[in-house]
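*Asks:* If it helps, the file is called entry-v6.txt and holds compact mmCIF, C-alpha atoms and all ligand atoms:
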# COMPACT_ATOMS: atom_id res chain seq x y z
CA MET Y 1113 -10.80 -4.69 -15.58
CA GLY Y 1114 -8.96 -2.14 -13.46
CA VAL Y 1115 -5.30 -1.23 -13.24
CA PRO Y 1116 -2.98 -3.68 -11.38
CA LEU Y 1117 -1.69 -2.56 -7.98
CA ALA Y 1118 1.98 -1.57 -7.92
CA SER Y 1119 2.72 -0.93 -4.24
CA ILE Y 1120 1.20 -0.97 -0.74
CA GLU Y 1121 3.15 0.97 1.90
CA THR Y 1122 2.49 1.93 5.49
CA GLN Y 1123 3.29 5.37 6.87
CA THR Y 1124 3.39 5.99 10.61
CA ILE Y 1125 2.57 9.37 12.08
CA ALA Y 1126 4.52 8.91 15.30
CA ASP Y 1127 2.64 11.31 17.55
CA ALA Y 1128 3.02 10.62 21.29
CA ASN Y 1129 -0.70 10.93 22.06
CA ASN Y 1130 -2.47 10.27 18.78
CA PRO Y 1131 -0.30 8.13 16.48
CA GLN Y 1132 -1.79 7.24 13.10
CA LEU Y 1133 -1.10 4.41 10.67
CA LEU Y 1134 -1.69 5.31 7.04
CA VAL Y 1135 -1.74 2.91 4.09
CA VAL Y 1136 -0.66 4.29 0.70
CA VAL Y 1137 -1.62 2.29 -2.39
CA THR Y 1138 -0.43 2.98 -5.95
CA ASP Y 1139 -1.35 1.30 -9.21
CA ASN Y 1140 0.62 0.78 -12.40
CA ASN Y 1141 -0.68 4.08 -13.82
CA GLY Y 1142 0.67 6.02 -10.85
CA ASN Y 1143 -2.75 6.61 -9.29
CA LEU Y 1144 -2.64 6.90 -5.52
CA GLY Y 1145 -5.04 6.05 -2.70
CA VAL Y 1146 -4.58 6.72 1.01
CA GLY Y 1147 -6.25 4.71 3.76
CA GLU Y 1148 -5.81 4.52 7.48
CA THR Y 1149 -6.22 1.89 10.11
CA TRP Y 1150 -6.41 1.40 13.84
CA TRP Y 1151 -3.41 2.78 15.68
CA GLY Y 1152 -3.34 0.13 18.39
CA THR Y 1153 -3.35 0.61 22.13
CA TYR Y 1154 -1.28 3.22 23.89
CA GLN Y 1155 0.59 2.06 26.98
CA PRO Y 1156 2.40 4.39 29.41
CA THR Y 1157 5.67 2.81 28.32
CA SER Y 1158 4.98 3.20 24.60
CA GLN Y 1159 7.39 5.12 22.41
CA PRO Y 1160 5.70 7.54 19.98
CA GLY Y 1161 4.40 5.46 17.08
CA SER Y 1162 5.21 2.06 18.58
CA PRO Y 1163 1.55 1.02 19.19
CA VAL Y 1164 1.00 0.82 15.43
CA LYS Y 1165 3.85 -1.63 14.80
CA PRO Y 1166 1.95 -4.96 15.02
CA ILE Y 1167 -0.65 -3.80 12.51
CA ALA Y 1168 2.00 -2.20 10.27
CA SER Y 1169 3.92 -5.48 10.26
CA MET Y 1170 0.83 -7.43 9.26
CA ILE Y 1171 0.41 -5.08 6.30
CA ASP Y 1172 4.09 -4.77 5.31
CA ASP Y 1173 5.18 -8.36 5.88
CA VAL Y 1174 2.08 -10.42 5.13
CA LEU Y 1175 -0.59 -8.55 3.16
CA ALA Y 1176 1.25 -6.11 0.88
CA PRO Y 1177 3.18 -8.72 -1.12
CA ALA Y 1178 -0.11 -10.54 -1.83
CA CYS Y 1179 -1.69 -7.35 -3.22
CA ILE Y 1180 0.91 -6.50 -5.86
CA GLY Y 1181 -0.45 -7.11 -9.36
CA TRP Y 1182 -4.05 -7.56 -8.14
CA ASP Y 1183 -6.74 -5.70 -10.12
CA GLY Y 1184 -7.18 -2.49 -8.09
CA ASP Y 1185 -10.87 -2.38 -9.04
CA ASP Y 1186 -11.55 -5.78 -7.47
CA ILE Y 1187 -11.75 -4.63 -3.86
CA SER Y 1188 -14.06 -7.41 -2.67
CA GLY Y 1189 -12.05 -10.12 -4.44
CA LEU Y 1190 -8.81 -8.88 -2.92
CA GLY Y 1191 -10.45 -8.63 0.52
CA ALA Y 1192 -11.59 -12.26 0.33
CA HIS Y 1193 -8.09 -13.25 -0.77
CA LEU Y 1194 -6.50 -11.43 2.18
CA HIS Y 1195 -8.93 -12.94 4.70
CA ARG Y 1196 -8.12 -16.42 3.35
CA LEU Y 1197 -4.40 -15.68 3.45
CA THR Y 1198 -4.44 -14.63 7.11
CA TYR Y 1199 -7.02 -16.90 8.75
CA GLN Y 1200 -4.35 -18.78 10.68
CA TYR Y 1201 -3.47 -15.54 12.47
CA GLY Y 1202 -7.10 -15.34 13.58
CA PRO Y 1203 -9.61 -13.26 11.62
CA GLU Y 1204 -10.17 -10.48 14.15
CA GLY Y 1205 -7.97 -7.86 15.74
CA VAL Y 1206 -4.63 -7.09 14.12
CA THR Y 1207 -5.69 -9.00 11.00
CA SER Y 1208 -9.03 -7.27 10.46
CA ALA Y 1209 -7.51 -3.87 11.23
CA ALA Y 1210 -4.71 -4.40 8.73
CA ILE Y 1211 -7.13 -5.50 6.02
CA ALA Y 1212 -9.30 -2.44 6.79
CA GLY Y 1213 -6.38 -0.08 6.16
CA ILE Y 1214 -5.81 -1.54 2.70
CA ASP Y 1215 -9.56 -1.59 2.04
CA LEU Y 1216 -9.89 2.14 2.80
CA ALA Y 1217 -6.89 2.93 0.57
CA LEU Y 1218 -8.48 0.98 -2.31
CA TRP Y 1219 -11.81 2.79 -1.96
CA ASP Y 1220 -9.93 6.10 -1.98
CA LEU Y 1221 -7.93 4.98 -5.04
CA GLN Y 1222 -10.99 3.95 -7.05
CA ALA Y 1223 -12.90 7.11 -6.15
CA GLN Y 1224 -9.86 9.26 -7.01
CA ILE Y 1225 -9.52 7.55 -10.41
CA ARG Y 1226 -13.19 8.32 -11.15
CA GLY Y 1227 -12.98 11.82 -9.62
CA VAL Y 1228 -15.98 11.22 -7.35
CA PRO Y 1229 -16.57 11.12 -3.59
CA ALA Y 1230 -16.22 7.57 -2.26
CA ALA Y 1231 -19.80 7.86 -0.96
CA GLN Y 1232 -20.98 7.88 -4.57
CA LEU Y 1233 -19.34 4.48 -5.20
CA LEU Y 1234 -20.62 3.12 -1.92
CA GLY Y 1235 -24.34 3.55 -2.56
CA PRO Y 1236 -27.32 5.87 -2.94
CA ARG Y 1237 -27.31 9.06 -0.90
CA ALA Y 1238 -29.27 8.69 2.35
CA HIS Y 1239 -28.42 12.11 3.86
CA ASP Y 1240 -27.44 15.53 2.54
CA ARG Y 1241 -25.98 16.35 5.94
CA LEU Y 1242 -25.54 14.87 9.40
CA PRO Y 1243 -24.94 16.49 12.81
CA ALA Y 1244 -21.42 16.23 14.21
CA TYR Y 1245 -20.37 15.93 17.82
CA ALA Y 1246 -17.05 16.91 19.33
CA SER Y 1247 -15.43 13.95 21.02
CA LEU Y 1248 -13.34 15.37 23.85
CA ASP Y 1249 -10.25 13.82 25.38
CA TRP Y 1250 -10.21 12.14 28.79
CA LEU Y 1251 -9.66 15.17 31.04
CA GLY Y 1252 -10.49 13.95 34.55
CA ASN Y 1253 -11.77 17.18 36.07
CA ALA Y 1254 -14.82 19.36 35.72
CA ALA Y 1255 -13.03 22.64 35.04
CA ALA Y 1256 -11.05 21.27 32.10
CA ALA Y 1257 -14.08 19.43 30.72
CA CYS Y 1258 -16.19 22.63 30.88
CA VAL Y 1259 -13.46 24.62 29.10
CA ASP Y 1260 -13.19 22.11 26.25
CA ALA Y 1261 -16.95 21.61 25.96
CA LYS Y 1262 -17.44 25.37 25.61
CA ARG Y 1263 -14.60 25.56 23.08
CA ALA Y 1264 -16.37 22.87 21.05
CA VAL Y 1265 -19.66 24.76 21.11
CA ASP Y 1266 -17.83 27.95 20.10
CA ALA Y 1267 -16.31 25.98 17.19
CA GLY Y 1268 -19.82 25.23 15.92
CA PHE Y 1269 -20.60 21.78 17.35
CA ILE Y 1270 -24.17 21.03 18.46
CA GLY Y 1271 -23.11 17.89 20.34
CA VAL Y 1272 -20.29 17.17 22.80
CA LYS Y 1273 -19.09 13.80 24.08
CA LEU Y 1274 -17.24 13.49 27.35
CA HIS Y 1275 -14.89 10.68 28.27
CA GLU Y 1276 -15.54 10.98 31.98
CA ALA Y 1277 -16.88 8.57 34.60
CA GLU Y 1278 -17.88 11.02 37.35
CA ALA Y 1279 -21.41 12.35 37.57
CA GLU Y 1280 -20.25 15.72 38.96
CA ILE Y 1281 -18.27 16.38 35.78
CA VAL Y 1282 -21.23 15.51 33.55
CA LEU Y 1283 -23.57 17.76 35.53
CA ALA Y 1284 -21.05 20.63 35.51
CA VAL Y 1285 -20.63 20.40 31.74
CA ARG Y 1286 -24.39 20.35 31.18
CA LYS Y 1287 -24.64 23.55 33.22
CA ALA Y 1288 -21.77 25.10 31.25
CA ILE Y 1289 -23.10 24.37 27.75
CA GLY Y 1290 -26.79 24.88 28.48
CA PRO Y 1291 -29.76 22.66 27.62
CA ASP Y 1292 -29.67 22.85 23.81
CA ILE Y 1293 -26.39 21.05 23.06
CA ALA Y 1294 -26.50 17.24 22.84
CA LEU Y 1295 -24.33 15.68 25.55
CA MET Y 1296 -22.97 12.14 25.26
CA VAL Y 1297 -20.97 10.35 27.94
CA ASP Y 1298 -18.38 7.68 27.16
CA LEU Y 1299 -17.40 5.64 30.22
CA SER Y 1300 -14.67 3.83 28.25
CA ALA Y 1301 -15.55 0.53 29.99
CA ARG Y 1302 -14.42 1.77 33.40
CA LEU Y 1303 -17.43 0.81 35.56
CA ASP Y 1304 -18.90 -2.42 36.85
CA ASP Y 1305 -22.60 -3.13 36.41
CA ALA Y 1306 -23.73 -1.62 39.74
CA GLU Y 1307 -21.59 1.49 39.27
CA ALA Y 1308 -23.04 1.95 35.78
CA VAL Y 1309 -26.60 1.93 37.14
CA THR Y 1310 -25.65 4.44 39.85
CA LEU Y 1311 -23.98 6.74 37.35
CA ALA Y 1312 -26.95 6.54 34.96
CA GLU Y 1313 -29.27 7.62 37.79
CA SER Y 1314 -26.89 10.36 38.93
CA VAL Y 1315 -26.72 12.00 35.49
CA GLN Y 1316 -30.44 11.60 34.73
CA ARG Y 1317 -31.15 15.34 35.05
CA ALA Y 1318 -28.27 16.19 32.69
CA GLY Y 1319 -30.33 14.88 29.76
CA VAL Y 1320 -27.64 12.66 28.27
CA THR Y 1321 -28.17 11.55 24.65
CA TRP Y 1322 -26.41 8.23 25.27
CA LEU Y 1323 -24.17 6.41 27.73
CA GLU Y 1324 -21.33 4.65 25.96
CA GLU Y 1325 -19.55 1.44 26.99
CA PRO Y 1326 -20.33 1.77 30.71
CA ILE Y 1327 -18.83 -1.70 31.32
CA PHE Y 1328 -16.07 -3.72 29.68
CA PRO Y 1329 -17.98 -4.78 26.57
CA TYR Y 1330 -15.91 -7.65 25.29
CA ARG Y 1331 -18.14 -10.76 25.04
CA ALA Y 1332 -20.46 -9.09 27.55
CA HIS Y 1333 -23.48 -8.68 25.30
CA GLY Y 1334 -25.89 -10.23 27.81
CA ARG Y 1335 -24.72 -7.92 30.59
CA LEU Y 1336 -24.97 -4.91 28.28
CA ALA Y 1337 -28.52 -5.92 27.33
CA ARG Y 1338 -29.53 -6.18 31.01
CA LEU Y 1339 -27.97 -2.80 31.70
CA ARG Y 1340 -29.78 -1.30 28.73
CA ALA Y 1341 -33.09 -2.57 30.13
CA THR Y 1342 -32.29 -1.00 33.52
CA ILE Y 1343 -31.13 2.51 32.66
CA GLN Y 1344 -33.19 5.36 31.22
CA GLN Y 1345 -30.61 6.59 28.71
CA ARG Y 1346 -29.75 5.09 25.33
CA LEU Y 1347 -26.89 2.63 25.54
CA ALA Y 1348 -24.10 2.88 22.95
CA ALA Y 1349 -21.39 0.33 22.11
CA GLY Y 1350 -19.75 -1.45 19.20
CA GLU Y 1351 -16.29 0.05 18.76
CA ASN Y 1352 -14.68 -3.02 20.28
CA GLU Y 1353 -16.16 -5.53 17.88
CA PHE Y 1354 -13.69 -6.65 15.25
CA SER Y 1355 -15.99 -8.39 12.76
CA VAL Y 1356 -19.40 -8.13 11.13
CA ALA Y 1357 -20.31 -11.37 12.95
CA GLY Y 1358 -19.45 -9.78 16.31
CA ILE Y 1359 -21.52 -6.71 15.54
CA ARG Y 1360 -24.43 -8.93 14.49
CA ARG Y 1361 -24.25 -10.78 17.83
CA LEU Y 1362 -24.23 -7.44 19.65
CA LEU Y 1363 -27.37 -6.34 17.81
CA GLU Y 1364 -29.17 -9.65 18.16
CA SER Y 1365 -28.59 -9.66 21.91
CA GLY Y 1366 -30.48 -6.38 22.18
CA ALA Y 1367 -27.50 -4.71 23.85
CA VAL Y 1368 -27.53 -1.31 22.15
CA ASP Y 1369 -29.68 1.63 21.06
CA VAL Y 1370 -26.69 3.24 19.36
CA LEU Y 1371 -24.36 1.07 17.26
CA GLN Y 1372 -20.79 2.34 17.04
CA PRO Y 1373 -18.74 0.10 14.77
CA ASP Y 1374 -15.18 1.23 14.11
CA ILE Y 1375 -14.53 0.95 10.40
CA VAL Y 1376 -10.79 0.45 10.87
CA LYS Y 1377 -11.35 -2.46 13.27
CA PHE Y 1378 -14.04 -4.56 11.59
CA GLY Y 1379 -12.56 -4.64 8.12
CA GLY Y 1380 -13.30 -1.44 6.22
CA LEU Y 1381 -15.79 0.15 3.85
CA SER Y 1382 -16.41 -3.09 1.98
CA ALA Y 1383 -18.42 -4.38 4.96
CA ALA Y 1384 -20.06 -1.03 5.65
CA ASN Y 1385 -23.22 -1.51 3.58
CA GLU Y 1386 -24.00 -4.80 5.30
CA LEU Y 1387 -23.65 -3.12 8.70
CA GLY Y 1388 -25.82 -0.23 7.54
CA ARG Y 1389 -28.59 -2.66 6.60
CA MET Y 1390 -28.26 -4.45 9.95
CA ALA Y 1391 -28.60 -1.15 11.84
CA LEU Y 1392 -31.80 -0.34 9.93
CA GLU Y 1393 -33.25 -3.81 10.54
CA HIS Y 1394 -32.61 -3.53 14.29
CA GLN Y 1395 -33.85 0.08 14.37
CA VAL Y 1396 -30.77 1.44 16.13
CA TRP Y 1397 -28.81 4.61 15.44
CA LEU Y 1398 -25.61 4.05 13.50
CA CYS Y 1399 -22.88 6.33 14.89
CA PRO Y 1400 -19.49 4.95 13.76
CA HIS Y 1401 -16.65 5.26 16.23
CA ASN Y 1402 -13.59 7.28 15.26
CA PHE Y 1403 -10.86 9.17 17.07
CA SER Y 1404 -8.70 10.24 14.17
CA LEU Y 1405 -8.43 13.25 11.92
CA GLY Y 1406 -7.52 11.37 8.74
CA PRO Y 1407 -8.92 8.92 6.18
CA SER Y 1408 -10.77 6.94 8.86
CA LEU Y 1409 -12.83 10.05 9.65
CA GLY Y 1410 -13.34 10.48 5.90
CA ALA Y 1411 -14.51 6.88 5.55
CA ASN Y 1412 -17.05 7.40 8.35
CA ILE Y 1413 -18.40 10.57 6.74
CA HIS Y 1414 -18.80 8.89 3.32
CA TRP Y 1415 -20.30 5.76 4.88
CA SER Y 1416 -22.73 7.70 7.09
CA MET Y 1417 -24.04 9.74 4.16
CA THR Y 1418 -25.15 6.49 2.49
CA ALA Y 1419 -26.51 4.80 5.64
CA GLY Y 1420 -30.15 5.50 6.46
CA ALA Y 1421 -29.59 4.67 10.15
CA ALA Y 1422 -26.71 7.14 10.56
CA ALA Y 1423 -27.48 9.74 13.24
CA TRP Y 1424 -24.28 11.51 14.38
CA ILE Y 1425 -20.69 11.81 13.13
CA GLU Y 1426 -17.91 11.66 15.74
CA VAL Y 1427 -15.15 14.23 15.30
CA PRO Y 1428 -12.17 14.19 17.70
CA PHE Y 1429 -11.68 17.51 19.49
CA LEU Y 1430 -8.41 17.94 21.35
CA SER Y 1431 -7.62 20.39 24.13
CA ALA Y 1432 -6.22 23.84 23.37
CA GLY Y 1433 -2.61 23.68 22.21
CA GLN Y 1434 -2.90 20.05 21.04
CA ARG Y 1435 -3.36 18.98 17.46
CA PHE Y 1436 -3.18 15.92 15.28
CA ALA Y 1437 0.20 15.63 13.62
CA GLY Y 1438 -1.22 15.01 10.12
CA SER Y 1439 -2.15 17.70 7.62
CA TRP Y 1440 -5.93 17.23 7.61
CA ASP Y 1441 -8.29 20.08 8.47
CA MET Y 1442 -11.39 19.74 10.62
CA PRO Y 1443 -14.58 19.21 8.58
CA THR Y 1444 -16.55 22.38 7.85
CA LEU Y 1445 -19.63 22.65 10.06
CA VAL Y 1446 -22.72 24.49 8.87
CA ASP Y 1447 -25.21 24.95 11.72
CA GLY Y 1448 -23.43 22.04 13.42
CA TYR Y 1449 -23.79 19.71 10.43
CA ILE Y 1450 -21.27 18.06 8.10
CA HIS Y 1451 -22.48 18.06 4.49
CA TYR Y 1452 -22.29 15.32 1.86
CA PRO Y 1453 -18.69 15.60 0.62
CA THR Y 1454 -17.91 17.08 -2.77
CA THR Y 1455 -14.22 16.10 -2.56
CA ALA Y 1456 -13.01 13.10 -4.57
CA GLY Y 1457 -11.91 9.97 -2.73
CA LEU Y 1458 -12.27 9.83 1.07
CA GLY Y 1459 -11.85 13.58 1.53
CA TRP Y 1460 -14.25 16.00 3.16
CA ASP Y 1461 -15.11 19.66 2.72
MG MG O 1501 -15.97 5.13 22.94
Before we go any further, please render this structure as structure tokens.
*Replies:*
Amino acid sequence: MGVPLASIETQTIADANNPQLLVVVTDNNGNLGVGETWWGTYQPTSQPGSPVKPIASMIDDVLAPACIGWDGDDISGLGAHLHRLTYQYGPEGVTSAAIAGIDLALWDLQAQIRGVPAAQLLGPRAHDRLPAYASLDWLGNAAAACVDAKRAVDAGFIGVKLHEAEAEIVLAVRKAIGPDIALMVDLSARLDDAEAVTLAESVQRAGVTWLEEPIFPYRAHGRLARLRATIQQRLAAGENEFSVAGIRRLLESGAVDVLQPDIVKFGGLSAANELGRMALEHQVWLCPHNFSLGPSLGANIHWSMTAGAAAWIEVPFLSAGQRFAGSWDMPTLVDGYIHYPTTAGLGWD
């Protein structure tokens, strides 16, 4: 029997470009856990912090009152209770993201109480270290992309991911960073099927490790699978699935070589082991999606270290002069790798 939960509170980091939504959980002994969830979708008209409001409201107004007094050790029982409580809102999207934020906070709390890394509670160690790639911002021109890619390599990364949809930019960056750095390309769902095939052919000589979400992926598993069979590169997707069932359908349709579930969208660490097993069964790389420097990055590091299929860890890498508003430091890279964390909870070294 664990200690009853005393409070669940959201905290918004109201950054204009990279807002974050934290979830702070305390128990009756004053122990504290910090989670994080999806920050929503930025619109040009958004005020700083406003994209997080729907998810924050789901936590503050619906979920938090139902958590008070619950045994803090019973993460799976509380998760089932919260899913049951919210099913009439629909189980995916705002609901699953809100539950994920609480789930991450509870894993942090329980690991903090025991003084161990969350990975140790999650399962046996599968990796001592994993390579990290720098996930660059959408920059839109070759010169800026080359500058940031070189900055990332100088910072110790052995992989760089572009968010660009033009072949000339990809080829220019490959030339700038040389042949030995892994180069991933995220199309952020901006192409149609024919454009995706053309782009894949145009960047063939750049030696791209994977092409990510070339087309709008939502309920498009069959189209993704056909595209995967057509192009030479690995196809990556999964960040826009909001449930384990959705990720299973993606895998079973043969749509991906690289599975990229977002832990703060599909429900949190409590579902992570099941996804890890699914990735192994389907013989795909598991490379969780993340664009935050906070507990959701921590959750991905701890999860990946226990997942045999894990291949790369995504670390957001902003342009010079920009930074995340929170107080977290970048993970330490040794030869381009992040090591199994020694920090208690969801922290990293
Ligand atoms: Mg992506």
*Asks:* List all protein, DNA and RNA residues that have any atom at most 8 Å from ligand MG 1501 (chain O), counting all atoms listed in the file, and write the list as a PyMOL selection string.
*Replies:* chain Y and resi 1275+1298-1300+1324-1325+1349+1351+1401
*Asks:* I'd like to know which of Y:Gly1438, Y:Gly1410, Y:Ser1158, Y:Leu1242 is closest to Gln1132 in chain Y, using all atoms listed in the file.
*Replies:*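 When distances to Gln1132 in chain Y are compared using all atoms listed in the file, the smallest one comes from Y:Gly1438.
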*Asks:* Could you give me the centre and size, in Å to one decimal, of an axis-aligned box around all listed atoms of range 1368-1381 of chain Y with 3 Å added on every side, as lines of an AutoDock Vina configuration file?
*Replies:*
center_x = -20.2
center_y = -0.7
center_z = 13.0
size_x = 24.9
size_y = 13.9
size_z = 24.3
*Asks:* (-8.8, 19.5, 4.0) in this file's frame - what residues fall within 7 Å of it? Use only C-alpha atoms and give the answer as a ChimeraX atom specification.
*Replies:* /Y:1440-1441,1460-1461
*Asks:* Counting all atoms listed in the file, I want the residues whose atoms come within 10 Å of (-23.5, 4.3, 27.1) in the file frame, returned as an mmCIF file with C-alpha atoms, in the frame of the given file.
*Replies:*
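Saved the output as part_2.cif:
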data_model
loop_
_atom_site.group_PDB
_atom_site.id
_atom_site.type_symbol
_atom_site.label_atom_id
_atom_site.label_comp_id
_atom_site.auth_asym_id
_atom_site.auth_seq_id
_atom_site.Cartn_x
_atom_site.Cartn_y
_atom_site.Cartn_z
ATOM 1 C CA MET Y 1296 -22.970 12.140 25.260
ATOM 2 C CA VAL Y 1297 -20.970 10.350 27.940
ATOM 3 C CA ASP Y 1298 -18.380 7.680 27.160
ATOM 4 C CA LEU Y 1299 -17.400 5.640 30.220
ATOM 5 C CA SER Y 1300 -14.670 3.830 28.250
ATOM 6 C CA ALA Y 1301 -15.550 0.530 29.990
ATOM 7 C CA ALA Y 1308 -23.040 1.950 35.780
ATOM 8 C CA ALA Y 1312 -26.950 6.540 34.960
ATOM 9 C CA VAL Y 1320 -27.640 12.660 28.270
ATOM 10 C CA THR Y 1321 -28.170 11.550 24.650
ATOM 11 C CA TRP Y 1322 -26.410 8.230 25.270
ATOM 12 C CA LEU Y 1323 -24.170 6.410 27.730
ATOM 13 C CA GLU Y 1324 -21.330 4.650 25.960
ATOM 14 C CA GLU Y 1325 -19.550 1.440 26.990
ATOM 15 C CA PRO Y 1326 -20.330 1.770 30.710
ATOM 16 C CA ILE Y 1327 -18.830 -1.700 31.320
ATOM 17 C CA LEU Y 1336 -24.970 -4.910 28.280
ATOM 18 C CA LEU Y 1339 -27.970 -2.800 31.700
ATOM 19 C CA ARG Y 1340 -29.780 -1.300 28.730
ATOM 20 C CA ILE Y 1343 -31.130 2.510 32.660
ATOM 21 C CA GLN Y 1345 -30.610 6.590 28.710
ATOM 22 C CA ARG Y 1346 -29.750 5.090 25.330
ATOM 23 C CA LEU Y 1347 -26.890 2.630 25.540
ATOM 24 C CA ALA Y 1348 -24.100 2.880 22.950
ATOM 25 C CA ALA Y 1349 -21.390 0.330 22.110
ATOM 26 C CA VAL Y 1368 -27.530 -1.310 22.150
ATOM 27 C CA ASP Y 1369 -29.680 1.630 21.060
ATOM 28 C CA VAL Y 1370 -26.690 3.240 19.360
#
*Asks:* State, in Å with one decimal place, the distance from CA of Val1228 in chain Y to CA of Leu1216 in chain Y.
*Replies:*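 Between CA of Val1228 in chain Y and CA of Leu1216 in chain Y the gap is 14.9 Å.
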*Asks:* Tell me which of Y:Leu1381, Y:Ala1231, Y:Ala1423, Y:Ala1357 sits closest to Glu1204 in chain Y, counting only C-alpha atoms.
*Replies:*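 Looking only at the distances to Glu1204 in chain Y, the closest residue turns out to be Y:Ala1357.
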*Asks:* What does the structure give for the distance between CA of Ala1306 in chain Y and CA of Arg1338 in chain Y, in Å to one decimal?
*Replies:*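 Going from CA of Ala1306 in chain Y over to CA of Arg1338 in chain Y, I get 11.4 Å.
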*Asks:* For Asp1172 in chain Y, which residue among Y:Thr1153, Y:Gln1222, Y:Ser1119, Y:Gln1159 is the nearest when counting all atoms listed in the file?
*Replies:*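 Of all the options, Y:Ser1119 lies closest to Asp1172 in chain Y.
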*Asks:* Could you state the separation of CA of Gly1379 in chain Y and CA of Asp1185 in chain Y in Å, given to one decimal place?
*Replies:*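 We find that CA of Gly1379 in chain Y and CA of Asp1185 in chain Y lie 17.4 Å from each other.
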*Asks:* Against range 1448-1456 of chain Y, which residues of range 1166-1253 of chain Y fall within 9 Å? For each one I want the closest pair of atoms and the distance in Å (one decimal), counting all atoms listed in the file, rows by chain and increasing residue number, as a Markdown table.
*Replies:*
| residue | atom | partner | partner_atom | distance |
| --- | --- | --- | --- | --- |
| Y:Asp1220 | CA | Y:Ala1456 | CA | 8.1 |
| Y:Ala1223 | CA | Y:Ala1456 | CA | 6.2 |
| Y:Gln1224 | CA | Y:Ala1456 | CA | 5.5 |
| Y:Ile1225 | CA | Y:Ala1456 | CA | 8.8 |
| Y:Arg1226 | CA | Y:Ala1456 | CA | 8.1 |
| Y:Gly1227 | CA | Y:Ala1456 | CA | 5.2 |
| Y:Val1228 | CA | Y:Ala1456 | CA | 4.5 |
| Y:Pro1229 | CA | Y:Ala1456 | CA | 4.2 |
| Y:Ala1230 | CA | Y:Ala1456 | CA | 6.8 |
| Y:Ala1231 | CA | Y:Pro1453 | CA | 8.0 |
| Y:Arg1237 | CA | Y:Tyr1452 | CA | 8.5 |
| Y:His1239 | CA | Y:Tyr1452 | CA | 7.2 |
| Y:Asp1240 | CA | Y:Tyr1452 | CA | 5.2 |
| Y:Arg1241 | CA | Y:His1451 | CA | 4.2 |
| Y:Leu1242 | CA | Y:Tyr1449 | CA | 5.2 |
| Y:Pro1243 | CA | Y:Tyr1449 | CA | 4.2 |
| Y:Ala1244 | CA | Y:Tyr1449 | CA | 5.7 |
| Y:Tyr1245 | CA | Y:Gly1448 | CA | 8.1 |
*Asks:* Range 1315-1319 of chain Y: which residues within 6 Å, counting all atoms listed in the file, same-chain residues fewer than 2 positions away excluded, as a VMD selection string?
*Replies:* chain Y and resid 1279 1283 1286 1312 to 1313
*Asks:* Quick one: of Y:Trp1250, Y:Val1376, Y:Thr1198, Y:Val1265, who's nearest to Leu1445 in chain Y, counting all atoms listed in the file?
*Replies:* Y:Val1265
*Asks:* Can you tell me, as a list in words, what residues are no more than 12 Å from Ala1254 in chain Y when counting all atoms listed in the file, ignoring any on the same chain fewer than 6 positions away?
*Replies:*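 The contact residues come out as Asp1260, Ala1261, Leu1274, His1275, Glu1276, Ala1277, Glu1278, Ala1279, Glu1280, Ile1281, Val1282, Leu1283, Ala1284, Val1285, Arg1286, Lys1287 and Ala1288 of chain Y.
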*Asks:* Given only C-alpha atoms as the basis, pick out the residue of Y:Gly1191, Y:Gly1205, Y:Pro1160, Y:Gly1366 nearest to His1394 in chain Y.
*Replies:*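 Nearest candidate to His1394 in chain Y out of Y:Gly1191, Y:Gly1205, Y:Pro1160, Y:Gly1366: Y:Gly1366.
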*Asks:* Please fill the gaps in range 1157-1163 of chain Y so it has N, CA, C and O atoms, and write that as an mmCIF file, keeping the file's coordinate frame.
*Replies:*
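Result file rebuild.cif:
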data_model
loop_
_atom_site.group_PDB
_atom_site.id
_atom_site.type_symbol
_atom_site.label_atom_id
_atom_site.label_comp_id
_atom_site.auth_asym_id
_atom_site.auth_seq_id
_atom_site.Cartn_x
_atom_site.Cartn_y
_atom_site.Cartn_z
ATOM 1 N N THR Y 1157 4.276 3.026 28.696
ATOM 2 C CA THR Y 1157 5.670 2.810 28.320
ATOM 3 C C THR Y 1157 5.899 2.926 26.812
ATOM 4 O O THR Y 1157 7.028 2.770 26.343
ATOM 5 N N SER Y 1158 4.837 3.193 26.053
ATOM 6 C CA SER Y 1158 4.980 3.200 24.600
ATOM 7 C C SER Y 1158 5.874 4.337 24.122
ATOM 8 O O SER Y 1158 5.801 5.455 24.633
ATOM 9 N N GLN Y 1159 6.686 4.061 23.127
ATOM 10 C CA GLN Y 1159 7.390 5.120 22.410
ATOM 11 C C GLN Y 1159 6.416 5.690 21.374
ATOM 12 O O GLN Y 1159 5.529 4.971 20.902
ATOM 13 N N PRO Y 1160 6.590 6.980 20.996
ATOM 14 C CA PRO Y 1160 5.700 7.540 19.980
ATOM 15 C C PRO Y 1160 5.693 6.650 18.714
ATOM 16 O O PRO Y 1160 6.739 6.315 18.193
ATOM 17 N N GLY Y 1161 4.510 6.255 18.306
ATOM 18 C CA GLY Y 1161 4.400 5.460 17.080
ATOM 19 C C GLY Y 1161 4.485 3.961 17.295
ATOM 20 O O GLY Y 1161 4.032 3.197 16.444
ATOM 21 N N SER Y 1162 5.018 3.512 18.425
ATOM 22 C CA SER Y 1162 5.210 2.060 18.580
ATOM 23 C C SER Y 1162 3.903 1.264 18.651
ATOM 24 O O SER Y 1162 3.897 0.106 18.242
ATOM 25 N N PRO Y 1163 2.767 1.833 19.158
ATOM 26 C CA PRO Y 1163 1.550 1.020 19.190
ATOM 27 C C PRO Y 1163 1.092 0.530 17.813
ATOM 28 O O PRO Y 1163 0.379 -0.465 17.724
#
